[in-house]
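Engineer: Dropping the structure in here first, questions after.
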Amino acid sequence: MKKLDKEELIKSAKTFCEQESGKYREELFGVTDGKAVGTYVEHLFQDYLSGHYDMKVGSSANGLDLPSVDTDIKVTSIKQPQSSCPFKDSKQKIYGLGYNLIVFVYKKYDDTKKKKGMLEFVSCTYIDKSRTADYQTTTGLRQIIENNGNADDIFAFLNDHKIPADDVTLMNMAKDILKNPPAIGYLTISNALQWRLQYGRIVSMNETVDGISPIVKYDSDIDNE
């Protein structure tokens, strides 16, 4: 069996979206809980990969869904493309989550006659770990550094943006950021007990960015018809 790598993961995700879009399943009928739909799709995709590749399957309970490729699976509705993930360190907002994401975005339909539900995958994206930080935080910090900002300026910015850490930690972070400016992230990450990740920018993205691989591109024209 072939080993699972990034290229094979992207290829498989495309095939999976094509195969599953439009397929009616009894298990999905009447399910409105996004978490339940997400778990269902995660397991379906893991099973699909396991049937084709030599790989390790993880679980959200004990870490990443796809530890062999250092990747977590996220599944969300186009109505509000977002999900949560464990908070490990306040630096995740600046330097990224520390692992890659593959994000499936769906629209759900129910057929009341057949009593079956169906998902249409309207967007799917692979996001390299280097791009999983918060967009406004990383662009703001890079701007300060480009404007010859110092550690005090960065500290003030981190404070204003309520990065969850005490003053000593924030000042140490500010000095680190000055030496090691972050790459621009493309998620919106809200502070909470768990990070709240929002994918609107990724879904509607048109420009080409190194580290972000569109697998199924969202077509807003079709969606608005």
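Letters A, B, ... go to the chains of the structure tokens in the order shown; residues in each chain start at 1; ligands are counted from 1 in the same order.
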Show me, as a list of chain:residue names, the residues that have an atom within 9 Å of region 39-49 of chain A when counting only C-alpha atoms, minus same-chain residues fewer than 4 positions from it.
Structural biologist: A:Leu4, A:Leu9, A:Ser12, A:Ala13, A:Phe16, A:Glu27, A:Leu28, A:Gly34, A:Lys35, A:Tyr53, A:Asp54, A:Met55, A:Val57, A:Gly58, A:Asp65, A:Leu66, A:Ile73, A:Lys74, A:Val75, A:Phe104
Engineer: With a cut-off of 7 Å, could you pull out the residues of region 58-167 of chain A touching region 186-192 of chain A and give me the nearest pair of atoms for each, distance in Å to one decimal, using only C-alpha atoms, ordered by chain and ascending number, as a tab-separated table?
Structural biologist:
residue	atom	partner	partner_atom	distance
A:Lys93	CA	A:Ile189	CA	6.6
A:Arg131	CA	A:Tyr186	CA	5.8
A:Thr132	CA	A:Leu187	CA	5.9
A:Ala133	CA	A:Leu187	CA	6.0
A:Asp134	CA	A:Leu187	CA	5.0
A:Tyr135	CA	A:Tyr186	CA	4.9
Engineer: Let me see the file: selected residues, N, CA and C atoms, as a tab-separated table (two decimals), in the first residue's frame.
Structural biologist:
chain	number	residue	atom	x	y	z
A	93	LYS	N	-1.67	32.05	17.75
A	93	LYS	CA	-2.35	33.11	17.00
A	93	LYS	C	-1.36	33.86	16.10
A	131	ARG	N	0.62	28.72	7.51
A	131	ARG	CA	-0.42	29.72	7.19
A	131	ARG	C	-1.61	29.66	8.14
A	132	THR	N	-1.44	28.98	9.29
A	132	THR	CA	-2.59	28.78	10.19
A	132	THR	C	-2.68	29.80	11.33
A	133	ALA	N	-1.95	30.91	11.22
A	133	ALA	CA	-2.05	31.96	12.25
A	133	ALA	C	-3.20	32.91	11.90
A	134	ASP	N	-3.41	33.90	12.77
A	134	ASP	CA	-4.50	34.87	12.58
A	134	ASP	C	-4.07	35.97	11.60
A	135	TYR	N	-4.93	36.26	10.64
A	135	TYR	CA	-4.61	37.21	9.57
A	135	TYR	C	-4.33	38.62	10.09
Engineer: Give me every helix (DSSP H, G or I) residue in region 65-179 of chain A, going by DSSP on the backbone, as an MDAnalysis selection string.
Structural biologist: chainID A and resid 67:69 92:95 129:131 135:146 151:160 167:179
Engineer: Might you pull out every residue within 6 Å of Asp110 (chain A), with only C-alpha atoms counted and same-chain residues fewer than 5 positions away left off, and present them as an mmCIF file with C-alpha atoms, in the first residue's frame?
Structural biologist:
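out-v4.cif, freshly written:
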data_model
loop_
_atom_site.group_PDB
_atom_site.id
_atom_site.type_symbol
_atom_site.label_atom_id
_atom_site.label_comp_id
_atom_site.auth_asym_id
_atom_site.auth_seq_id
_atom_site.Cartn_x
_atom_site.Cartn_y
_atom_site.Cartn_z
ATOM 1 C CA PHE A 29 -31.312 12.910 7.210
ATOM 2 C CA LYS A 116 -32.093 10.851 3.253
ATOM 3 C CA GLY A 117 -29.639 13.720 3.598
#
Engineer: Tell me, as JSON, numbers by chain, which residues lie within 9 Å of region 170-184 of chain A, counting only C-alpha atoms; anything in the same chain fewer than 4 positions away does not count.
Structural biologist: {"A": [91, 94, 95, 96, 130, 131, 132, 133, 134, 135, 136, 137, 138, 139, 141, 142, 145, 149, 150, 151, 152, 153, 154, 155, 158, 159, 163, 164, 165, 166]}
Engineer: Please write the residues from the selection above to a file, keeping N, CA and C atoms, as a PDB file, in the first residue's frame.
Structural biologist:
ATOM      1  N   LYS A  91       0.911  31.826  21.467  1.00  0.00           N
ATOM      2  CA  LYS A  91       1.724  32.057  20.253  1.00  0.00           C
ATOM      3  C   LYS A  91       1.084  31.465  18.998  1.00  0.00           C
ATOM      4  N   ILE A  94      -0.077  33.808  16.486  1.00  0.00           N
ATOM      5  CA  ILE A  94       0.974  34.560  15.793  1.00  0.00           C
ATOM      6  C   ILE A  94       1.788  33.677  14.847  1.00  0.00           C
ATOM      7  N   TYR A  95       2.141  32.484  15.320  1.00  0.00           N
ATOM      8  CA  TYR A  95       3.000  31.602  14.515  1.00  0.00           C
ATOM      9  C   TYR A  95       2.270  30.389  13.934  1.00  0.00           C
ATOM     10  N   GLY A  96       0.978  30.273  14.199  1.00  0.00           N
ATOM     11  CA  GLY A  96       0.221  29.157  13.619  1.00  0.00           C
ATOM     12  C   GLY A  96      -0.059  28.061  14.632  1.00  0.00           C
ATOM     13  N   SER A 130       2.252  26.651   8.213  1.00  0.00           N
ATOM     14  CA  SER A 130       2.867  27.988   8.177  1.00  0.00           C
ATOM     15  C   SER A 130       1.840  29.095   7.922  1.00  0.00           C
ATOM     16  N   ARG A 131       0.619  28.720   7.514  1.00  0.00           N
ATOM     17  CA  ARG A 131      -0.419  29.715   7.190  1.00  0.00           C
ATOM     18  C   ARG A 131      -1.611  29.664   8.142  1.00  0.00           C
ATOM     19  N   THR A 132      -1.436  28.984   9.295  1.00  0.00           N
ATOM     20  CA  THR A 132      -2.588  28.784  10.186  1.00  0.00           C
ATOM     21  C   THR A 132      -2.681  29.802  11.326  1.00  0.00           C
ATOM     22  N   ALA A 133      -1.950  30.912  11.221  1.00  0.00           N
ATOM     23  CA  ALA A 133      -2.050  31.960  12.248  1.00  0.00           C
ATOM     24  C   ALA A 133      -3.203  32.906  11.903  1.00  0.00           C
ATOM     25  N   ASP A 134      -3.413  33.902  12.768  1.00  0.00           N
ATOM     26  CA  ASP A 134      -4.496  34.872  12.578  1.00  0.00           C
ATOM     27  C   ASP A 134      -4.071  35.970  11.598  1.00  0.00           C
ATOM     28  N   TYR A 135      -4.930  36.260  10.645  1.00  0.00           N
ATOM     29  CA  TYR A 135      -4.609  37.210   9.569  1.00  0.00           C
ATOM     30  C   TYR A 135      -4.333  38.620  10.094  1.00  0.00           C
ATOM     31  N   GLN A 136      -5.279  39.184  10.864  1.00  0.00           N
ATOM     32  CA  GLN A 136      -5.114  40.572  11.325  1.00  0.00           C
ATOM     33  C   GLN A 136      -3.911  40.721  12.260  1.00  0.00           C
ATOM     34  N   THR A 137      -3.696  39.725  13.113  1.00  0.00           N
ATOM     35  CA  THR A 137      -2.559  39.791  14.042  1.00  0.00           C
ATOM     36  C   THR A 137      -1.235  39.769  13.278  1.00  0.00           C
ATOM     37  N   THR A 138      -1.099  38.834  12.347  1.00  0.00           N
ATOM     38  CA  THR A 138       0.184  38.697  11.632  1.00  0.00           C
ATOM     39  C   THR A 138       0.441  39.867  10.683  1.00  0.00           C
ATOM     40  N   THR A 139      -0.611  40.344   9.995  1.00  0.00           N
ATOM     41  CA  THR A 139      -0.387  41.493   9.089  1.00  0.00           C
ATOM     42  C   THR A 139      -0.063  42.742   9.910  1.00  0.00           C
ATOM     43  N   LEU A 141       1.410  42.895  12.904  1.00  0.00           N
ATOM     44  CA  LEU A 141       2.771  42.787  13.449  1.00  0.00           C
ATOM     45  C   LEU A 141       3.819  43.054  12.375  1.00  0.00           C
ATOM     46  N   ARG A 142       3.597  42.527  11.186  1.00  0.00           N
ATOM     47  CA  ARG A 142       4.569  42.736  10.096  1.00  0.00           C
ATOM     48  C   ARG A 142       4.644  44.221   9.711  1.00  0.00           C
ATOM     49  N   ILE A 145       6.792  46.062  12.240  1.00  0.00           N
ATOM     50  CA  ILE A 145       8.221  45.775  12.013  1.00  0.00           C
ATOM     51  C   ILE A 145       8.725  46.536  10.779  1.00  0.00           C
ATOM     52  N   GLY A 149       9.248  49.494  13.974  1.00  0.00           N
ATOM     53  CA  GLY A 149       8.723  49.404  15.342  1.00  0.00           C
ATOM     54  C   GLY A 149       9.695  48.660  16.251  1.00  0.00           C
ATOM     55  N   ASN A 150       9.586  48.909  17.560  1.00  0.00           N
ATOM     56  CA  ASN A 150      10.451  48.202  18.520  1.00  0.00           C
ATOM     57  C   ASN A 150       9.614  47.255  19.396  1.00  0.00           C
ATOM     58  N   ALA A 151      10.258  46.648  20.380  1.00  0.00           N
ATOM     59  CA  ALA A 151       9.575  45.671  21.239  1.00  0.00           C
ATOM     60  C   ALA A 151       8.405  46.308  21.995  1.00  0.00           C
ATOM     61  N   ASP A 152       8.555  47.592  22.383  1.00  0.00           N
ATOM     62  CA  ASP A 152       7.466  48.282  23.098  1.00  0.00           C
ATOM     63  C   ASP A 152       6.228  48.426  22.196  1.00  0.00           C
ATOM     64  N   ASP A 153       6.466  48.762  20.932  1.00  0.00           N
ATOM     65  CA  ASP A 153       5.346  48.899  19.979  1.00  0.00           C
ATOM     66  C   ASP A 153       4.621  47.560  19.814  1.00  0.00           C
ATOM     67  N   ILE A 154       5.404  46.503  19.710  1.00  0.00           N
ATOM     68  CA  ILE A 154       4.815  45.179  19.527  1.00  0.00           C
ATOM     69  C   ILE A 154       4.062  44.758  20.790  1.00  0.00           C
ATOM     70  N   PHE A 155       4.652  45.048  21.950  1.00  0.00           N
ATOM     71  CA  PHE A 155       3.991  44.738  23.229  1.00  0.00           C
ATOM     72  C   PHE A 155       2.627  45.434  23.300  1.00  0.00           C
ATOM     73  N   LEU A 158       0.150  43.695  21.015  1.00  0.00           N
ATOM     74  CA  LEU A 158      -0.299  42.407  21.569  1.00  0.00           C
ATOM     75  C   LEU A 158      -1.295  42.639  22.699  1.00  0.00           C
ATOM     76  N   ASN A 159      -1.024  43.670  23.491  1.00  0.00           N
ATOM     77  CA  ASN A 159      -1.907  44.029  24.599  1.00  0.00           C
ATOM     78  C   ASN A 159      -3.269  44.489  24.083  1.00  0.00           C
ATOM     79  N   ILE A 163      -4.022  39.404  23.298  1.00  0.00           N
ATOM     80  CA  ILE A 163      -3.361  38.096  23.193  1.00  0.00           C
ATOM     81  C   ILE A 163      -3.309  37.529  24.615  1.00  0.00           C
ATOM     82  N   PRO A 164      -3.861  36.322  24.823  1.00  0.00           N
ATOM     83  CA  PRO A 164      -4.005  35.819  26.192  1.00  0.00           C
ATOM     84  C   PRO A 164      -2.674  35.412  26.840  1.00  0.00           C
ATOM     85  N   ALA A 165      -2.060  36.363  27.561  1.00  0.00           N
ATOM     86  CA  ALA A 165      -0.803  36.090  28.278  1.00  0.00           C
ATOM     87  C   ALA A 165      -0.552  37.250  29.233  1.00  0.00           C
ATOM     88  N   ASP A 166       0.302  37.024  30.251  1.00  0.00           N
ATOM     89  CA  ASP A 166       0.608  38.124  31.194  1.00  0.00           C
ATOM     90  C   ASP A 166       1.666  39.053  30.575  1.00  0.00           C
TER      91      ASP A 166
END
Engineer: Any chance you could list, as a PyMOL selection string, the residues in region 5-225 of chain A that come up strand (DSSP E or B) when DSSP is run on the backbone?
Structural biologist: chain A and resi 24-25+53-54+66+71-77+82-86+100-111+116-127+134+187-190+194-198+212-216
Engineer: For CA of Tyr106 (chain A) and CA of His52 (chain A), quote the distance in Å rounded to one decimal.
Structural biologist: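 One can read the CA of Tyr106 (chain A) to CA of His52 (chain A) distance as 23.6 Å.
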Engineer: Check the smallest atom-to-atom distance from each of A:Gln194, A:Thr112, A:Thr71, A:Ser83 to Tyr24 (chain A) using only C-alpha atoms, then report the winner.
Structural biologist: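 Among the listed residues, the smallest separation from Tyr24 (chain A) belongs to A:Thr112.
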Engineer: Find the distance between CA of Thr125 (chain A) and CA of Lys6 (chain A) and write it in Å to one decimal.
Structural biologist: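 CA of Lys6 (chain A) lies at a distance of 12.2 Å from CA of Thr125 (chain A).
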Engineer: Taking only C-alpha atoms into account, name the residue in A:Gly22, A:Lys88, A:Ser77, A:Val122 that is nearest to Val216 (chain A).
Structural biologist: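 Looking at the shortest contact to Val216 (chain A), the residue is A:Val122.
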Engineer: Check the smallest atom-to-atom distance from each of A:Gln143, A:Thr76, A:Thr208, A:Ser68 to Ser50 (chain A) using only C-alpha atoms, then report the winner.
Structural biologist: A:Ser68
Engineer: Could you work out how far CA of Ile202 (chain A) lies from CA of Asp5 (chain A), giving the answer in Å with one decimal?
Structural biologist: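 Atom-to-atom, CA of Asp5 (chain A) and CA of Ile202 (chain A) are spaced 22.1 Å apart.
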